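Okay, input_3.pdb now, which holds PDB, C-alpha atoms and all ligand atoms:
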```
ATOM      1  CA  MET F   1     -26.584 148.638 142.016  1.00  0.00           C
ATOM      2  CA  GLU F   2     -27.832 149.470 138.539  1.00  0.00           C
ATOM      3  CA  ILE F   3     -25.094 150.282 135.991  1.00  0.00           C
ATOM      4  CA  TYR F   4     -25.687 151.939 132.637  1.00  0.00           C
ATOM      5  CA  ILE F   5     -22.887 152.105 130.087  1.00  0.00           C
ATOM      6  CA  GLU F   6     -23.642 154.628 127.380  1.00  0.00           C
ATOM      7  CA  ASP F   7     -21.814 155.291 124.113  1.00  0.00           C
ATOM      8  CA  ASN F   8     -20.584 158.747 125.003  1.00  0.00           C
ATOM      9  CA  TYR F   9     -20.820 161.758 127.307  1.00  0.00           C
ATOM     10  CA  ASP F  10     -23.986 163.136 125.687  1.00  0.00           C
ATOM     11  CA  ALA F  11     -25.778 159.815 126.051  1.00  0.00           C
ATOM     12  CA  LEU F  12     -24.744 159.414 129.680  1.00  0.00           C
ATOM     13  CA  SER F  13     -25.935 162.951 130.414  1.00  0.00           C
ATOM     14  CA  LYS F  14     -29.258 162.229 128.728  1.00  0.00           C
ATOM     15  CA  ARG F  15     -29.682 159.071 130.810  1.00  0.00           C
ATOM     16  CA  ALA F  16     -29.019 161.059 134.006  1.00  0.00           C
ATOM     17  CA  VAL F  17     -31.443 163.787 132.916  1.00  0.00           C
ATOM     18  CA  ASP F  18     -34.206 161.292 132.137  1.00  0.00           C
ATOM     19  CA  ILE F  19     -33.886 159.742 135.594  1.00  0.00           C
ATOM     20  CA  ILE F  20     -33.690 163.098 137.414  1.00  0.00           C
ATOM     21  CA  ALA F  21     -36.593 164.557 135.403  1.00  0.00           C
ATOM     22  CA  SER F  22     -38.912 161.608 136.163  1.00  0.00           C
ATOM     23  CA  PHE F  23     -37.868 161.862 139.785  1.00  0.00           C
ATOM     24  CA  LEU F  24     -38.814 165.555 139.900  1.00  0.00           C
ATOM     25  CA  LYS F  25     -42.119 164.882 138.187  1.00  0.00           C
ATOM     26  CA  GLU F  26     -42.943 162.326 140.844  1.00  0.00           C
ATOM     27  CA  LYS F  27     -41.648 164.482 143.709  1.00  0.00           C
ATOM     28  CA  PRO F  28     -41.673 168.203 142.815  1.00  0.00           C
ATOM     29  CA  THR F  29     -40.565 169.039 146.371  1.00  0.00           C
ATOM     30  CA  ALA F  30     -37.452 166.851 146.124  1.00  0.00           C
ATOM     31  CA  VAL F  31     -34.269 167.646 148.033  1.00  0.00           C
ATOM     32  CA  LEU F  32     -31.335 167.240 145.657  1.00  0.00           C
ATOM     33  CA  GLY F  33     -27.645 166.836 146.461  1.00  0.00           C
ATOM     34  CA  LEU F  34     -25.548 168.287 143.654  1.00  0.00           C
ATOM     35  CA  PRO F  35     -21.954 168.199 142.415  1.00  0.00           C
ATOM     36  CA  THR F  36     -20.013 170.671 140.310  1.00  0.00           C
ATOM     37  CA  GLY F  37     -17.201 169.944 137.833  1.00  0.00           C
ATOM     38  CA  SER F  38     -17.074 169.033 134.151  1.00  0.00           C
ATOM     39  CA  THR F  39     -19.120 165.850 134.344  1.00  0.00           C
ATOM     40  CA  PRO F  40     -22.518 167.286 135.366  1.00  0.00           C
ATOM     41  CA  GLN F  41     -22.359 170.281 133.014  1.00  0.00           C
ATOM     42  CA  LYS F  42     -24.348 168.701 130.192  1.00  0.00           C
ATOM     43  CA  THR F  43     -26.816 167.215 132.672  1.00  0.00           C
ATOM     44  CA  TYR F  44     -27.457 170.692 134.078  1.00  0.00           C
ATOM     45  CA  GLU F  45     -27.740 172.199 130.605  1.00  0.00           C
ATOM     46  CA  MET F  46     -30.342 169.615 129.596  1.00  0.00           C
ATOM     47  CA  LEU F  47     -32.254 169.906 132.882  1.00  0.00           C
ATOM     48  CA  ALA F  48     -32.364 173.695 132.462  1.00  0.00           C
ATOM     49  CA  LYS F  49     -33.738 173.265 128.930  1.00  0.00           C
ATOM     50  CA  LYS F  50     -36.433 170.906 130.175  1.00  0.00           C
ATOM     51  CA  CYS F  51     -37.331 173.475 132.809  1.00  0.00           C
ATOM     52  CA  SER F  52     -37.582 176.316 130.291  1.00  0.00           C
ATOM     53  CA  ARG F  53     -39.850 174.113 128.139  1.00  0.00           C
ATOM     54  CA  GLY F  54     -42.077 173.648 131.195  1.00  0.00           C
ATOM     55  CA  GLU F  55     -41.449 169.884 131.367  1.00  0.00           C
ATOM     56  CA  ILE F  56     -40.060 170.055 134.907  1.00  0.00           C
ATOM     57  CA  SER F  57     -39.955 172.663 137.630  1.00  0.00           C
ATOM     58  CA  PHE F  58     -37.461 173.472 140.377  1.00  0.00           C
ATOM     59  CA  LYS F  59     -39.860 175.876 142.104  1.00  0.00           C
ATOM     60  CA  LYS F  60     -40.260 173.679 145.161  1.00  0.00           C
ATOM     61  CA  VAL F  61     -36.916 171.889 144.910  1.00  0.00           C
ATOM     62  CA  LYS F  62     -34.213 172.353 147.534  1.00  0.00           C
ATOM     63  CA  THR F  63     -30.557 171.747 146.753  1.00  0.00           C
ATOM     64  CA  PHE F  64     -27.490 170.983 148.832  1.00  0.00           C
ATOM     65  CA  ASN F  65     -24.182 171.239 147.043  1.00  0.00           C
ATOM     66  CA  LEU F  66     -21.496 168.745 147.874  1.00  0.00           C
ATOM     67  CA  ASP F  67     -18.691 171.194 148.350  1.00  0.00           C
ATOM     68  CA  GLU F  68     -17.119 174.623 147.963  1.00  0.00           C
ATOM     69  CA  TYR F  69     -13.571 175.964 148.030  1.00  0.00           C
ATOM     70  CA  SER F  70     -12.506 177.733 151.200  1.00  0.00           C
ATOM     71  CA  GLY F  71     -11.621 181.383 150.842  1.00  0.00           C
ATOM     72  CA  LEU F  72     -13.509 182.170 147.621  1.00  0.00           C
ATOM     73  CA  SER F  73     -16.465 184.533 147.731  1.00  0.00           C
ATOM     74  CA  PRO F  74     -19.709 183.344 146.097  1.00  0.00           C
ATOM     75  CA  ALA F  75     -19.171 186.001 143.407  1.00  0.00           C
ATOM     76  CA  ASP F  76     -15.759 184.583 142.475  1.00  0.00           C
ATOM     77  CA  ARG F  77     -15.961 183.005 139.016  1.00  0.00           C
ATOM     78  CA  GLN F  78     -14.092 179.938 140.330  1.00  0.00           C
ATOM     79  CA  SER F  79     -16.451 179.350 143.224  1.00  0.00           C
ATOM     80  CA  TYR F  80     -18.987 176.561 143.142  1.00  0.00           C
ATOM     81  CA  HIS F  81     -21.717 179.075 144.010  1.00  0.00           C
ATOM     82  CA  PHE F  82     -20.869 180.836 140.755  1.00  0.00           C
ATOM     83  CA  PHE F  83     -20.755 177.540 138.843  1.00  0.00           C
ATOM     84  CA  MET F  84     -24.184 176.473 140.078  1.00  0.00           C
ATOM     85  CA  ASN F  85     -25.761 179.858 139.394  1.00  0.00           C
ATOM     86  CA  LYS F  86     -24.322 179.949 135.911  1.00  0.00           C
ATOM     87  CA  ASN F  87     -25.013 176.349 134.915  1.00  0.00           C
ATOM     88  CA  LEU F  88     -28.307 175.612 136.624  1.00  0.00           C
ATOM     89  CA  PHE F  89     -29.904 177.960 139.114  1.00  0.00           C
ATOM     90  CA  SER F  90     -30.136 181.098 136.949  1.00  0.00           C
ATOM     91  CA  LYS F  91     -31.579 179.006 134.108  1.00  0.00           C
ATOM     92  CA  THR F  92     -34.389 177.452 136.131  1.00  0.00           C
ATOM     93  CA  ASP F  93     -37.270 178.595 138.297  1.00  0.00           C
ATOM     94  CA  ILE F  94     -35.531 177.563 141.526  1.00  0.00           C
ATOM     95  CA  ASP F  95     -35.837 179.896 144.505  1.00  0.00           C
ATOM     96  CA  ILE F  96     -32.230 180.778 145.328  1.00  0.00           C
ATOM     97  CA  LYS F  97     -33.170 180.779 149.026  1.00  0.00           C
ATOM     98  CA  ASN F  98     -33.601 177.012 148.700  1.00  0.00           C
ATOM     99  CA  THR F  99     -30.033 176.407 147.548  1.00  0.00           C
ATOM    100  CA  PHE F 100     -27.416 175.558 150.164  1.00  0.00           C
ATOM    101  CA  PHE F 101     -23.623 175.207 150.275  1.00  0.00           C
ATOM    102  CA  PRO F 102     -21.619 173.801 153.182  1.00  0.00           C
ATOM    103  CA  ILE F 103     -19.291 176.804 153.349  1.00  0.00           C
ATOM    104  CA  ASP F 104     -22.212 179.059 154.238  1.00  0.00           C
ATOM    105  CA  PHE F 105     -22.460 177.253 157.565  1.00  0.00           C
ATOM    106  CA  LYS F 106     -18.961 178.306 158.605  1.00  0.00           C
ATOM    107  CA  PRO F 107     -17.613 177.809 161.265  1.00  0.00           C
ATOM    108  CA  ASP F 108     -19.974 175.004 162.393  1.00  0.00           C
ATOM    109  CA  PHE F 109     -20.237 172.689 159.414  1.00  0.00           C
ATOM    110  CA  LYS F 110     -22.252 170.175 161.445  1.00  0.00           C
ATOM    111  CA  LYS F 111     -25.104 172.622 160.987  1.00  0.00           C
ATOM    112  CA  TYR F 112     -25.070 171.739 157.282  1.00  0.00           C
ATOM    113  CA  ASP F 113     -25.859 168.115 158.133  1.00  0.00           C
ATOM    114  CA  LYS F 114     -28.486 169.342 160.567  1.00  0.00           C
ATOM    115  CA  LYS F 115     -30.094 171.529 157.907  1.00  0.00           C
ATOM    116  CA  ILE F 116     -30.209 168.579 155.491  1.00  0.00           C
ATOM    117  CA  LYS F 117     -32.001 166.523 158.162  1.00  0.00           C
ATOM    118  CA  GLU F 118     -34.380 169.376 158.988  1.00  0.00           C
ATOM    119  CA  LEU F 119     -35.473 169.528 155.370  1.00  0.00           C
ATOM    120  CA  GLY F 120     -36.210 165.806 155.318  1.00  0.00           C
ATOM    121  CA  GLY F 121     -32.865 164.458 154.059  1.00  0.00           C
ATOM    122  CA  ILE F 122     -31.520 164.245 150.537  1.00  0.00           C
ATOM    123  CA  ASP F 123     -33.892 162.398 148.222  1.00  0.00           C
ATOM    124  CA  LEU F 124     -31.544 162.189 145.261  1.00  0.00           C
ATOM    125  CA  GLN F 125     -27.790 162.717 145.396  1.00  0.00           C
ATOM    126  CA  LEU F 126     -25.953 163.211 142.114  1.00  0.00           C
ATOM    127  CA  LEU F 127     -22.226 162.427 142.349  1.00  0.00           C
ATOM    128  CA  GLY F 128     -19.180 162.783 140.154  1.00  0.00           C
ATOM    129  CA  ILE F 129     -15.956 160.979 140.987  1.00  0.00           C
ATOM    130  CA  GLY F 130     -12.367 162.196 141.174  1.00  0.00           C
ATOM    131  CA  ARG F 131      -9.441 160.438 139.523  1.00  0.00           C
ATOM    132  CA  ASP F 132      -8.346 159.397 143.034  1.00  0.00           C
ATOM    133  CA  GLY F 133     -11.820 158.070 143.846  1.00  0.00           C
ATOM    134  CA  HIS F 134     -13.014 161.080 145.825  1.00  0.00           C
ATOM    135  CA  ILE F 135     -16.690 161.957 146.132  1.00  0.00           C
ATOM    136  CA  GLY F 136     -17.545 165.506 147.072  1.00  0.00           C
ATOM    137  CA  PHE F 137     -14.130 166.512 148.357  1.00  0.00           C
ATOM    138  CA  ASN F 138     -13.788 163.437 150.542  1.00  0.00           C
ATOM    139  CA  GLU F 139     -10.272 162.519 149.590  1.00  0.00           C
ATOM    140  CA  PRO F 140      -8.705 159.058 150.078  1.00  0.00           C
ATOM    141  CA  GLY F 141      -8.388 158.358 153.798  1.00  0.00           C
ATOM    142  CA  SER F 142     -11.651 160.142 154.673  1.00  0.00           C
ATOM    143  CA  LYS F 143     -13.574 158.135 157.226  1.00  0.00           C
ATOM    144  CA  PHE F 144     -16.789 156.486 156.067  1.00  0.00           C
ATOM    145  CA  SER F 145     -18.364 158.002 159.188  1.00  0.00           C
ATOM    146  CA  SER F 146     -17.279 161.546 158.215  1.00  0.00           C
ATOM    147  CA  LYS F 147     -19.683 164.467 158.378  1.00  0.00           C
ATOM    148  CA  SER F 148     -19.525 167.836 156.646  1.00  0.00           C
ATOM    149  CA  ARG F 149     -16.213 169.551 157.390  1.00  0.00           C
ATOM    150  CA  GLU F 150     -13.263 171.503 156.056  1.00  0.00           C
ATOM    151  CA  ILE F 151     -10.577 169.371 154.362  1.00  0.00           C
ATOM    152  CA  SER F 152      -7.244 169.790 152.567  1.00  0.00           C
ATOM    153  CA  LEU F 153      -7.407 168.887 148.903  1.00  0.00           C
ATOM    154  CA  ALA F 154      -5.186 166.042 147.673  1.00  0.00           C
ATOM    155  CA  LYS F 155      -2.467 166.728 145.108  1.00  0.00           C
ATOM    156  CA  PRO F 156      -4.210 164.946 142.166  1.00  0.00           C
ATOM    157  CA  THR F 157      -7.368 166.977 142.842  1.00  0.00           C
ATOM    158  CA  ILE F 158      -5.452 170.266 142.890  1.00  0.00           C
ATOM    159  CA  GLU F 159      -3.724 169.256 139.641  1.00  0.00           C
ATOM    160  CA  ASP F 160      -7.013 168.250 137.993  1.00  0.00           C
ATOM    161  CA  ASN F 161      -8.814 171.396 139.092  1.00  0.00           C
ATOM    162  CA  ALA F 162      -5.962 173.652 137.956  1.00  0.00           C
ATOM    163  CA  ARG F 163      -7.547 173.535 134.482  1.00  0.00           C
ATOM    164  CA  PHE F 164     -10.195 175.976 135.698  1.00  0.00           C
ATOM    165  CA  PHE F 165      -7.639 178.459 137.094  1.00  0.00           C
ATOM    166  CA  LYS F 166      -4.940 180.707 135.544  1.00  0.00           C
ATOM    167  CA  SER F 167      -2.228 178.828 137.400  1.00  0.00           C
ATOM    168  CA  ILE F 168      -2.045 175.838 139.748  1.00  0.00           C
ATOM    169  CA  LYS F 169      -0.927 178.305 142.435  1.00  0.00           C
ATOM    170  CA  ASP F 170      -4.386 179.892 142.330  1.00  0.00           C
ATOM    171  CA  VAL F 171      -6.210 176.650 143.202  1.00  0.00           C
ATOM    172  CA  PRO F 172      -7.396 176.797 146.826  1.00  0.00           C
ATOM    173  CA  ILE F 173      -5.820 174.050 148.916  1.00  0.00           C
ATOM    174  CA  LYS F 174      -8.770 173.773 151.266  1.00  0.00           C
ATOM    175  CA  ALA F 175     -12.461 173.163 150.750  1.00  0.00           C
ATOM    176  CA  VAL F 176     -15.582 172.360 152.711  1.00  0.00           C
ATOM    177  CA  THR F 177     -17.356 169.149 151.810  1.00  0.00           C
ATOM    178  CA  MET F 178     -20.341 167.089 152.799  1.00  0.00           C
ATOM    179  CA  GLY F 179     -19.071 164.029 154.657  1.00  0.00           C
ATOM    180  CA  ILE F 180     -19.202 160.483 153.363  1.00  0.00           C
ATOM    181  CA  ASP F 181     -21.799 159.615 155.980  1.00  0.00           C
ATOM    182  CA  THR F 182     -23.835 162.653 154.899  1.00  0.00           C
ATOM    183  CA  ILE F 183     -23.714 161.473 151.279  1.00  0.00           C
ATOM    184  CA  MET F 184     -24.679 157.926 152.249  1.00  0.00           C
ATOM    185  CA  GLY F 185     -27.728 159.337 154.038  1.00  0.00           C
ATOM    186  CA  ALA F 186     -29.278 160.151 150.652  1.00  0.00           C
ATOM    187  CA  LYS F 187     -32.250 157.978 149.738  1.00  0.00           C
ATOM    188  CA  LYS F 188     -31.001 157.507 146.192  1.00  0.00           C
ATOM    189  CA  ILE F 189     -27.587 158.075 144.593  1.00  0.00           C
ATOM    190  CA  ILE F 190     -26.698 158.556 140.944  1.00  0.00           C
ATOM    191  CA  LEU F 191     -22.980 158.520 140.163  1.00  0.00           C
ATOM    192  CA  ILE F 192     -21.858 159.719 136.744  1.00  0.00           C
ATOM    193  CA  ALA F 193     -18.395 159.390 135.202  1.00  0.00           C
ATOM    194  CA  SER F 194     -17.036 160.056 131.762  1.00  0.00           C
ATOM    195  CA  GLY F 195     -13.751 159.465 129.998  1.00  0.00           C
ATOM    196  CA  GLU F 196     -10.686 157.309 130.146  1.00  0.00           C
ATOM    197  CA  LYS F 197      -9.169 159.305 133.036  1.00  0.00           C
ATOM    198  CA  LYS F 198     -11.875 157.958 135.334  1.00  0.00           C
ATOM    199  CA  ASN F 199     -11.737 154.256 134.447  1.00  0.00           C
ATOM    200  CA  GLN F 200      -9.334 153.189 137.195  1.00  0.00           C
ATOM    201  CA  ALA F 201     -11.333 155.065 139.841  1.00  0.00           C
ATOM    202  CA  ILE F 202     -14.536 153.475 138.533  1.00  0.00           C
ATOM    203  CA  PHE F 203     -13.010 150.011 138.606  1.00  0.00           C
ATOM    204  CA  ASN F 204     -11.726 150.561 142.164  1.00  0.00           C
ATOM    205  CA  ALA F 205     -15.035 152.019 143.317  1.00  0.00           C
ATOM    206  CA  LEU F 206     -17.309 149.372 141.837  1.00  0.00           C
ATOM    207  CA  GLU F 207     -15.242 146.200 141.732  1.00  0.00           C
ATOM    208  CA  GLY F 208     -12.523 146.812 144.337  1.00  0.00           C
ATOM    209  CA  LYS F 209     -12.858 146.259 148.060  1.00  0.00           C
ATOM    210  CA  ALA F 210     -14.891 148.956 149.826  1.00  0.00           C
ATOM    211  CA  SER F 211     -12.141 150.942 151.512  1.00  0.00           C
ATOM    212  CA  THR F 212     -11.405 154.466 152.674  1.00  0.00           C
ATOM    213  CA  LYS F 213      -8.517 154.426 150.151  1.00  0.00           C
ATOM    214  CA  VAL F 214     -11.213 154.834 147.496  1.00  0.00           C
ATOM    215  CA  PRO F 215     -13.963 156.956 149.048  1.00  0.00           C
ATOM    216  CA  ALA F 216     -16.428 156.237 146.212  1.00  0.00           C
ATOM    217  CA  SER F 217     -16.266 152.502 146.994  1.00  0.00           C
ATOM    218  CA  ILE F 218     -18.654 153.194 149.894  1.00  0.00           C
ATOM    219  CA  ILE F 219     -21.528 153.313 147.402  1.00  0.00           C
ATOM    220  CA  GLN F 220     -21.296 149.496 147.191  1.00  0.00           C
ATOM    221  CA  ARG F 221     -22.974 149.583 150.618  1.00  0.00           C
ATOM    222  CA  HIS F 222     -25.875 151.818 149.571  1.00  0.00           C
ATOM    223  CA  LYS F 223     -29.154 150.121 148.680  1.00  0.00           C
ATOM    224  CA  ASN F 224     -30.322 152.465 145.943  1.00  0.00           C
ATOM    225  CA  VAL F 225     -27.528 153.397 143.552  1.00  0.00           C
ATOM    226  CA  ILE F 226     -27.475 154.030 139.822  1.00  0.00           C
ATOM    227  CA  VAL F 227     -24.106 154.395 138.083  1.00  0.00           C
ATOM    228  CA  ILE F 228     -24.050 155.952 134.624  1.00  0.00           C
ATOM    229  CA  LEU F 229     -20.822 155.725 132.632  1.00  0.00           C
ATOM    230  CA  ASP F 230     -19.642 156.184 129.118  1.00  0.00           C
ATOM    231  CA  LYS F 231     -17.655 153.409 127.442  1.00  0.00           C
ATOM    232  CA  GLU F 232     -14.302 155.002 128.269  1.00  0.00           C
ATOM    233  CA  ALA F 233     -15.059 155.279 131.982  1.00  0.00           C
ATOM    234  CA  ALA F 234     -16.368 151.697 132.029  1.00  0.00           C
ATOM    235  CA  ARG F 235     -13.458 150.173 130.106  1.00  0.00           C
ATOM    236  CA  LYS F 236     -11.781 148.447 133.096  1.00  0.00           C
ATOM    237  CA  LEU F 237     -14.952 146.904 134.509  1.00  0.00           C
ATOM    238  CA  ASN F 238     -15.213 143.119 134.323  1.00  0.00           C
ATOM    239  CA  LYS F 239     -18.923 142.908 135.089  1.00  0.00           C
ATOM    240  CA  LYS F 240     -20.635 144.783 132.284  1.00  0.00           C
TER     241      LYS F 240
HETATM  242  C1  LIG Y 301     -17.386 168.610 142.945  1.00  0.00           C
HETATM  243  C2  LIG Y 301     -17.339 167.199 143.346  1.00  0.00           C
HETATM  244  C3  LIG Y 301     -16.166 166.390 142.911  1.00  0.00           C
HETATM  245  C4  LIG Y 301     -16.222 166.134 141.404  1.00  0.00           C
HETATM  246  C5  LIG Y 301     -14.991 165.360 140.948  1.00  0.00           C
HETATM  247  C6  LIG Y 301     -15.000 165.116 139.456  1.00  0.00           C
HETATM  248  O1  LIG Y 301     -18.522 169.232 143.443  1.00  0.00           O
HETATM  249  O2  LIG Y 301     -18.199 166.732 144.022  1.00  0.00           O
HETATM  250  O3  LIG Y 301     -16.140 165.170 143.598  1.00  0.00           O
HETATM  251  O4  LIG Y 301     -17.376 165.390 141.113  1.00  0.00           O
HETATM  252  O5  LIG Y 301     -13.840 166.078 141.288  1.00  0.00           O
HETATM  253  O6  LIG Y 301     -14.905 166.323 138.780  1.00  0.00           O
HETATM  254  P1  LIG Y 301     -15.069 166.419 137.205  1.00  0.00           P
HETATM  255  O7  LIG Y 301     -16.497 166.130 136.910  1.00  0.00           O
HETATM  256  O8  LIG Y 301     -14.687 167.832 136.872  1.00  0.00           O
HETATM  257  O9  LIG Y 301     -14.146 165.404 136.614  1.00  0.00           O
END
```
Show this structure as structure tokens.
Ligand code: F6R
Amino acid sequence: MEIYIEDNYDALSKRAVDIIASFLKEKPTAVLGLPTGSTPQKTYEMLAKKCSRGEISFKKVKTFNLDEYSGLSPADRQSYHFFMNKNLFSKTDIDIKNTFFPIDFKPDFKKYDKKIKELGGIDLQLLGIGRDGHIGFNEPGSKFSSKSREISLAKPTIEDNARFFKSIKDVPIKAVTMGIDTIMGAKKIILIASGEKKNQAIFNALEGKASTKVPASIIQRHKNVIVILDKEAARKLNKK
């Protein structure tokens, strides 16, 4: 596992962008696994800028998002479809037909995993991490062998995500997520985390025992992982 500790959020985003951009230059047909949330926003903004400058292209790229809330239409401003269109897709040359979300495979979410396989598997999976150690919406207790499926969101996740909604009551309590096994099938993983709120989850994930109590700890078992943190997120790590 390669770990980068950057001074701040901008620097960690730049590090992620540099790695993703070189990856796309080497493999313009790459299949990307993508998260939503606050952490990747700057990464997407910088990738979109690189694309508009002609430094990279998403024309032949395919994307699989990690998750989506149940019960929200793609046009809903709180949906992850909307987030991705706003923050990345509409600002690049990607063909929207090549962008996939697990919820669109309802009711048979196994077909999402099948589709990923059909397109050659995920080459590069970008991950954020929840305060409770979730990846995608695989909450604590999710089996390491889990596939894409509908789940109930944990209380800390609902509380954290309430910041994007008018009231906590508006936060959907269910979502569809790629499974942990699906995520681990990616050829390369980049996990990014920023801020003090994430430092316990990062410590547990990287230096704790690999356990379903901390879903992100599974990445210790992946052979090709890059973790990019800012100083605040890295604060509890012993091995720096
Ligand atoms: C969302 C996802 C989640 C987020 C996590 C952190 O698609 O995969 O696991 O990465 O909830 O979210 P932020 O970045 O908002 O702190």
Which residue, F:Ser217, F:Ser38, F:Ser13, F:Thr63, has the smallest gap to ligand LIG 301 (chain Y) when you use only C-alpha atoms and all ligand atoms?
F:Ser38
I need the residue set behind the PyMOL selection byres (((chain F and resi 50-61) around 9) and not hetatm) for this file; please write it as an NGL selection string.
:F and (21-22 or 24-25 or 27-32 or 45-49 or 62-63 or 89 or 91-95 or 98-99)
Residues near Ala11 in chain F, anyone? I mean within 12 Å using all atoms listed in the file, not counting same-chain ones fewer than 6 positions away, as a PyMOL selection string.
chain F and resi 4-5+17-18+42-43+46+192-194+228-231
Mind listing whatever residues come within 12 Å of the point (-28.7, 157.8, 157.1)? Use only C-alpha atoms, file coordinates, and give them as a list in words.
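It turns out the residues near that spot are Asp113, Ile116, Lys117, Gly120, Gly121, Ile122, Asp123, Ser145, Lys147, Gly179, Ile180, Asp181, Thr182, Ile183, Met184, Gly185, Ala186, Lys187, Lys188, Arg221, His222 and Lys223 of chain F.
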Identify which of the residues F:Thr39, F:Asn8, F:Asn138, F:Asn224 lies closest to ligand LIG 301 (chain Y), counting all atoms listed in the file when measuring atom-to-atom distances.
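Of all the options, F:Thr39 lies closest to ligand LIG 301 (chain Y).
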Please check which protein, DNA or RNA residues sit within 10 Å of ligand LIG 301 (chain Y), counting only C-alpha atoms and all ligand atoms, and write them as a count of residues only.
48
Of the residues F:Ser152, F:Val176, F:Phe64, F:Pro74, which is the one nearest to Pro107 in chain F, using all atoms listed in the file?
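Of all the options, F:Val176 lies closest to Pro107 in chain F.
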Centre and size of axis-aligned box enclosing range 29-39 of chain F plus 3 Å each side, as JSON:
```
{"center_x": -28.8, "center_y": 168.3, "center_z": 141.1, "size_x": 29.5, "size_y": 10.8, "size_z": 19.9}
```
Separation of CA of Ile19 in chain F from CA of Glu207 in chain F in Å
23.8 Å
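A straight line drawn from CA of Ile151 in chain F to CA of Leu72 in chain F is 14.8 Å long.
The space separating CA of Asn199 in chain F from CA of Phe165 in chain F comes to 24.7 Å.
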Given the file shown, enumerate the residues that the PyMOL selection byres (((chain F and resi 210) around 12) and not hetatm) captures and present them as a ChimeraX atom specification.
/F:133,140,143-144,203-209,211-222
